[in-house]
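Q: Got a structure for you, structure_33.cif, holding mmCIF, C-alpha atoms.
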```cif
data_run
loop_
_atom_site.label_atom_id
_atom_site.label_comp_id
_atom_site.auth_asym_id
_atom_site.auth_seq_id
_atom_site.Cartn_x
_atom_site.Cartn_y
_atom_site.Cartn_z
CA MET A 24 -13.13 -8.99 -25.85
CA LYS A 25 -12.94 -11.22 -22.77
CA TYR A 26 -9.32 -10.19 -22.27
CA THR A 27 -10.35 -6.53 -22.24
CA TRP A 28 -12.78 -7.31 -19.43
CA ILE A 29 -10.02 -9.06 -17.49
CA VAL A 30 -7.76 -6.02 -17.88
CA LEU A 31 -10.51 -3.64 -16.77
CA ALA A 32 -11.61 -5.83 -13.85
CA LEU A 33 -8.08 -6.23 -12.46
CA ALA A 34 -7.19 -2.56 -12.94
CA GLY A 35 -10.52 -1.56 -11.37
CA LEU A 36 -9.98 -3.86 -8.40
CA ASP A 37 -6.54 -2.41 -7.73
CA GLN A 38 -7.76 1.16 -8.19
CA GLY A 39 -10.65 0.53 -5.80
CA ILE A 40 -8.32 -0.75 -3.10
CA LYS A 41 -5.92 2.14 -3.72
CA GLN A 42 -8.76 4.63 -3.29
CA ASN A 43 -9.84 2.89 -0.08
CA ILE A 44 -6.29 3.17 1.25
CA GLU A 45 -6.06 6.83 0.17
CA ASP A 46 -9.30 7.59 2.03
CA GLN A 47 -7.92 6.23 5.32
CA GLU A 48 -6.24 8.41 7.91
CA ALA A 49 -2.46 8.17 7.63
CA GLN A 50 -2.06 7.52 11.36
CA SER A 51 -4.24 4.37 11.10
CA LEU A 52 -1.56 2.71 8.94
CA PRO A 53 0.51 0.58 8.93
CA ARG A 54 -1.59 -2.13 10.54
CA ASP A 55 -2.15 -5.84 10.10
CA LEU A 56 -4.85 -7.00 7.70
CA PRO A 57 -7.30 -8.62 10.14
CA CYS A 58 -8.07 -11.77 8.13
CA ALA A 59 -4.43 -12.50 7.23
CA ARG A 60 -3.25 -13.78 10.63
CA GLY A 61 -0.26 -11.45 10.72
CA TRP A 62 1.02 -12.36 7.24
CA VAL A 63 -0.10 -9.15 5.49
CA ARG A 64 0.41 -5.61 6.73
CA LEU A 65 -1.42 -2.63 5.23
CA HIS A 66 0.46 0.58 4.44
CA LYS A 67 -0.13 3.91 2.73
CA ASN A 68 2.95 4.56 0.62
CA HIS A 69 3.25 7.00 -2.26
CA ASN A 70 6.01 6.04 -4.67
CA ALA A 71 6.84 8.80 -7.13
CA GLY A 72 9.56 6.71 -8.77
CA PHE A 73 10.13 3.20 -9.95
CA PRO A 74 10.44 0.41 -7.34
CA PHE A 75 12.22 1.56 -4.18
CA GLY A 76 11.89 5.18 -5.34
CA PHE A 77 14.40 4.79 -8.18
CA LEU A 78 14.41 7.90 -10.43
CA LYS A 79 11.76 9.69 -8.35
CA ASN A 80 13.45 12.96 -9.27
CA ARG A 81 12.77 12.29 -12.99
CA PRO A 82 8.94 12.42 -13.18
CA GLN A 83 8.76 12.71 -16.98
CA LEU A 84 10.82 9.56 -17.39
CA VAL A 85 8.89 7.75 -14.65
CA GLN A 86 5.65 8.50 -16.52
CA THR A 87 6.88 7.91 -20.07
CA ILE A 88 8.54 4.50 -19.67
CA PRO A 89 5.52 2.79 -18.02
CA LEU A 90 3.20 4.37 -20.59
CA MET A 91 5.34 2.91 -23.39
CA MET A 92 5.47 -0.51 -21.70
CA THR A 93 1.72 -0.53 -21.08
CA SER A 94 1.15 0.37 -24.73
CA ALA A 95 3.47 -2.45 -25.81
CA LEU A 96 1.56 -4.95 -23.65
CA ALA A 97 -1.74 -3.76 -25.13
CA GLY A 98 -0.32 -4.06 -28.64
CA ALA A 99 0.95 -7.58 -27.98
CA LEU A 100 -2.42 -8.63 -26.59
CA ALA A 101 -4.21 -7.10 -29.58
CA ALA A 102 -1.86 -8.89 -31.99
CA LEU A 103 -2.47 -12.27 -30.32
CA SER A 104 -6.17 -11.89 -29.66
CA GLY A 105 -7.27 -13.16 -33.06
CA ARG A 106 -5.25 -16.38 -32.79
CA ARG A 107 -6.66 -19.61 -31.42
CA GLU A 108 -3.42 -20.79 -29.81
CA GLY A 109 -1.51 -19.11 -27.03
CA MET A 110 -4.27 -18.87 -24.44
CA ALA A 111 -1.77 -18.82 -21.55
CA GLU A 112 0.16 -15.98 -23.16
CA LYS A 113 -3.02 -14.00 -23.88
CA LEU A 114 -4.28 -14.49 -20.34
CA GLY A 115 -0.85 -13.59 -18.96
CA LEU A 116 -0.76 -10.44 -21.09
CA ALA A 117 -4.25 -9.48 -19.87
CA VAL A 118 -3.30 -10.01 -16.22
CA ALA A 119 -0.03 -8.09 -16.58
CA LEU A 120 -1.81 -5.35 -18.52
CA GLY A 121 -4.41 -5.00 -15.75
CA GLY A 122 -1.63 -4.26 -13.28
CA ALA A 123 0.24 -2.03 -15.70
CA VAL A 124 -2.88 0.02 -16.49
CA SER A 125 -3.57 0.57 -12.79
CA ASN A 126 -0.02 1.64 -11.97
CA THR A 127 0.27 3.78 -15.12
CA TRP A 128 -3.02 5.48 -14.24
CA ASP A 129 -1.59 6.32 -10.82
CA ARG A 130 1.56 7.78 -12.35
CA MET A 131 -0.35 9.88 -14.88
CA VAL A 132 -3.20 11.07 -12.63
CA ARG A 133 -1.82 11.06 -9.08
CA GLY A 134 1.85 11.59 -9.88
CA TYR A 135 2.76 8.58 -7.72
CA VAL A 136 1.84 4.93 -7.33
CA VAL A 137 -0.08 3.92 -4.21
CA ASP A 138 1.54 0.88 -2.58
CA TYR A 139 -0.46 -0.65 0.23
CA PHE A 140 0.59 -4.07 1.46
CA SER A 141 3.63 -6.01 2.56
CA ILE A 142 4.05 -9.70 3.16
CA GLN A 143 5.40 -10.36 6.62
CA TRP A 144 7.96 -12.98 5.71
CA LYS A 145 11.74 -12.60 5.81
CA GLY A 146 13.07 -9.91 3.45
CA LEU A 147 9.64 -9.19 1.96
CA LYS A 148 8.65 -7.35 5.14
CA LYS A 149 10.50 -4.27 3.90
CA VAL A 150 8.86 -4.18 0.44
CA VAL A 151 5.44 -2.56 0.00
CA PHE A 152 3.42 -3.66 -3.05
CA ASN A 153 0.03 -3.14 -4.60
CA LEU A 154 -2.10 -5.66 -6.47
CA GLY A 155 -1.03 -4.08 -9.76
CA ASP A 156 2.55 -5.11 -9.02
CA PHE A 157 1.37 -8.62 -8.19
CA PHE A 158 -0.67 -8.81 -11.42
CA ILE A 159 2.35 -7.75 -13.50
CA PHE A 160 4.49 -10.42 -11.85
CA LEU A 161 1.79 -13.11 -12.16
CA GLY A 162 1.14 -12.19 -15.80
CA ALA A 163 4.83 -12.47 -16.62
CA LEU A 164 4.94 -15.93 -15.02
CA MET A 165 1.89 -16.98 -17.02
CA ILE A 166 3.46 -15.79 -20.28
CA LEU A 167 6.68 -17.62 -19.42
CA ALA A 168 4.80 -20.82 -18.54
CA GLY A 169 2.83 -20.64 -21.80
CA GLN A 170 5.95 -20.17 -23.87
CA MET A 171 7.80 -22.95 -22.03
CA GLY A 172 4.82 -25.24 -22.56
CA ARG A 173 4.76 -24.46 -26.26
CA GLU A 174 8.52 -25.07 -26.47
CA MET A 175 8.23 -28.44 -24.73
CA LYS A 176 5.31 -29.42 -26.95
CA GLY A 177 7.34 -28.50 -30.03
CA ARG A 178 10.26 -30.62 -28.86
CA ARG A 179 8.01 -33.66 -28.38
CA LYS A 180 6.80 -33.38 -31.95
CA ASN A 181 10.35 -33.48 -33.30
#
```
Please, can you express the file's structure as structure tokens?
A:
Amino acid sequence: MKYTWIVLALAGLDQGIKQNIEDQEAQSLPRDLPCARGWVRLHKNHNAGFPFGFLKNRPQLVQTIPLMMTSALAGALAALSGRREGMAEKLGLAVALGGAVSNTWDRMVRGYVVDYFSIQWKGLKKVVFNLGDFFIFLGALMILAGQMGREMKGRRKN
């Protein structure tokens, strides 16, 4: 149950920020995030496709694939939730699922994903993200770290 709360909290946080961005006047963005000392810039981007607008002309596909992936993440988390081991993987799945739920909600309800910040460092300046994207990436890293840890632990036993 705690993983469900993590999913809902992260998706809710991202959706709240997205709504705040949507409520702002378009001409007020982009602008620097005041507390970030020039490292983070706020935007108001609507992405009807996959990253960088890929397949934006195929809305059915752009909705269906994320819905399937989000369902797969939820199924994996449900399958692992009864087990005592694999806490890193379960937490990673919950974090990734929080981001996936938020972005999938956007695709299904808005017809586009709201992207709202960029990191002002080298090539990242050109890429606009949302927290959902960050949660998916962080969750994947957590799952990978958990699996690598389990692999290394298994090798030490042998």
Q: Give me the residues within 10 Å of Met165 of chain A as a PDB file with C-alpha atoms, in the frame of the given file, counting only C-alpha atoms and dropping any in the same chain fewer than 2 places off.
A:
```pdb
ATOM      1  CA  MET A 110      -4.270 -18.870 -24.440  1.00  0.00           C
ATOM      2  CA  ALA A 111      -1.770 -18.820 -21.550  1.00  0.00           C
ATOM      3  CA  GLU A 112       0.160 -15.980 -23.160  1.00  0.00           C
ATOM      4  CA  LYS A 113      -3.020 -14.000 -23.880  1.00  0.00           C
ATOM      5  CA  LEU A 114      -4.280 -14.490 -20.340  1.00  0.00           C
ATOM      6  CA  GLY A 115      -0.850 -13.590 -18.960  1.00  0.00           C
ATOM      7  CA  LEU A 116      -0.760 -10.440 -21.090  1.00  0.00           C
ATOM      8  CA  VAL A 118      -3.300 -10.010 -16.220  1.00  0.00           C
ATOM      9  CA  ALA A 119      -0.030  -8.090 -16.580  1.00  0.00           C
ATOM     10  CA  ILE A 159       2.350  -7.750 -13.500  1.00  0.00           C
ATOM     11  CA  PHE A 160       4.490 -10.420 -11.850  1.00  0.00           C
ATOM     12  CA  LEU A 161       1.790 -13.110 -12.160  1.00  0.00           C
ATOM     13  CA  GLY A 162       1.140 -12.190 -15.800  1.00  0.00           C
ATOM     14  CA  ALA A 163       4.830 -12.470 -16.620  1.00  0.00           C
ATOM     15  CA  LEU A 167       6.680 -17.620 -19.420  1.00  0.00           C
ATOM     16  CA  ALA A 168       4.800 -20.820 -18.540  1.00  0.00           C
ATOM     17  CA  GLY A 169       2.830 -20.640 -21.800  1.00  0.00           C
ATOM     18  CA  GLN A 170       5.950 -20.170 -23.870  1.00  0.00           C
ATOM     19  CA  MET A 171       7.800 -22.950 -22.030  1.00  0.00           C
TER      20      MET A 171
END
```
Q: Written as a PyMOL selection string, what is the full residue list that the PyMOL selection byres ((chain A and resi 130-139) around 9) yields on the file shown?
A: chain A and resi 40-42+44-45+53+64-73+82+85-86+89-90+125-129+140-141+151-154+156
Q: Between A:Ala59, A:Arg179, A:Ala123, A:Ala49, which residue has the minimum interatomic distance to Met91 of chain A, considering all atoms listed in the file?
A: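 Counting all atoms listed in the file, the residue closest to Met91 of chain A is A:Ala123.
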Q: So what do you get for atom CA of Ala97 of chain A versus atom CA of Ala117 of chain A, distance-wise?
A: 8.2 Å
Q: For atom CA of Gly146 of chain A and atom CA of Pro74 of chain A, quote the distance in Å rounded to one decimal.
A: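 Between atom CA of Gly146 of chain A and atom CA of Pro74 of chain A the gap works out to 15.2 Å.
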Q: Taking 5 positions as the minimum chain separation for residues in the same chain, which residues sit within 8 Å of Gly121 of chain A when counting all atoms listed in the file? Answer as a PyMOL selection string.
A: chain A and resi 29-34+155+158-159
Q: How about saving the chosen residues, C-alpha atoms kept, as an mmCIF file, in the frame of the given file?
A:
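Result file selection-v8.cif:
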```cif
data_model
loop_
_atom_site.group_PDB
_atom_site.id
_atom_site.type_symbol
_atom_site.label_atom_id
_atom_site.label_comp_id
_atom_site.auth_asym_id
_atom_site.auth_seq_id
_atom_site.Cartn_x
_atom_site.Cartn_y
_atom_site.Cartn_z
ATOM 1 C CA ILE A 29 -10.020 -9.060 -17.490
ATOM 2 C CA VAL A 30 -7.760 -6.020 -17.880
ATOM 3 C CA LEU A 31 -10.510 -3.640 -16.770
ATOM 4 C CA ALA A 32 -11.610 -5.830 -13.850
ATOM 5 C CA LEU A 33 -8.080 -6.230 -12.460
ATOM 6 C CA ALA A 34 -7.190 -2.560 -12.940
ATOM 7 C CA GLY A 155 -1.030 -4.080 -9.760
ATOM 8 C CA PHE A 158 -0.670 -8.810 -11.420
ATOM 9 C CA ILE A 159 2.350 -7.750 -13.500
#
```
Q: Carefully work through the PyMOL selection byres ((chain A and resi 63) around 9) for this structure and note down the residues it includes, as a list in words.
A: Arg54, Asp55, Leu56, Pro57, Cys58, Ala59, Arg60, Gly61, Trp62, Arg64, Leu65, Phe140, Ser141, Ile142, Gln143, Trp144 and Lys148 of chain A
Q: Determine the nearest neighbour of Lys149 of chain A from the options A:Lys25, A:Ile166, A:Gln50, A:Phe75, counting only C-alpha atoms.
A: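 Comparing A:Lys25, A:Ile166, A:Gln50, A:Phe75 against Lys149 of chain A, the winner is A:Phe75.
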Q: Record the distance separating atom CA of Gly105 of chain A and atom CA of Met92 of chain A, expressed in Å with one decimal.
A: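 If I compute the distance from atom CA of Gly105 of chain A to atom CA of Met92 of chain A, I get 21.2 Å.
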Q: Which is closest to Gln38 of chain A among A:Leu100, A:Leu78, A:Val124, A:Leu164, if we use all atoms listed in the file?
A: A:Val124
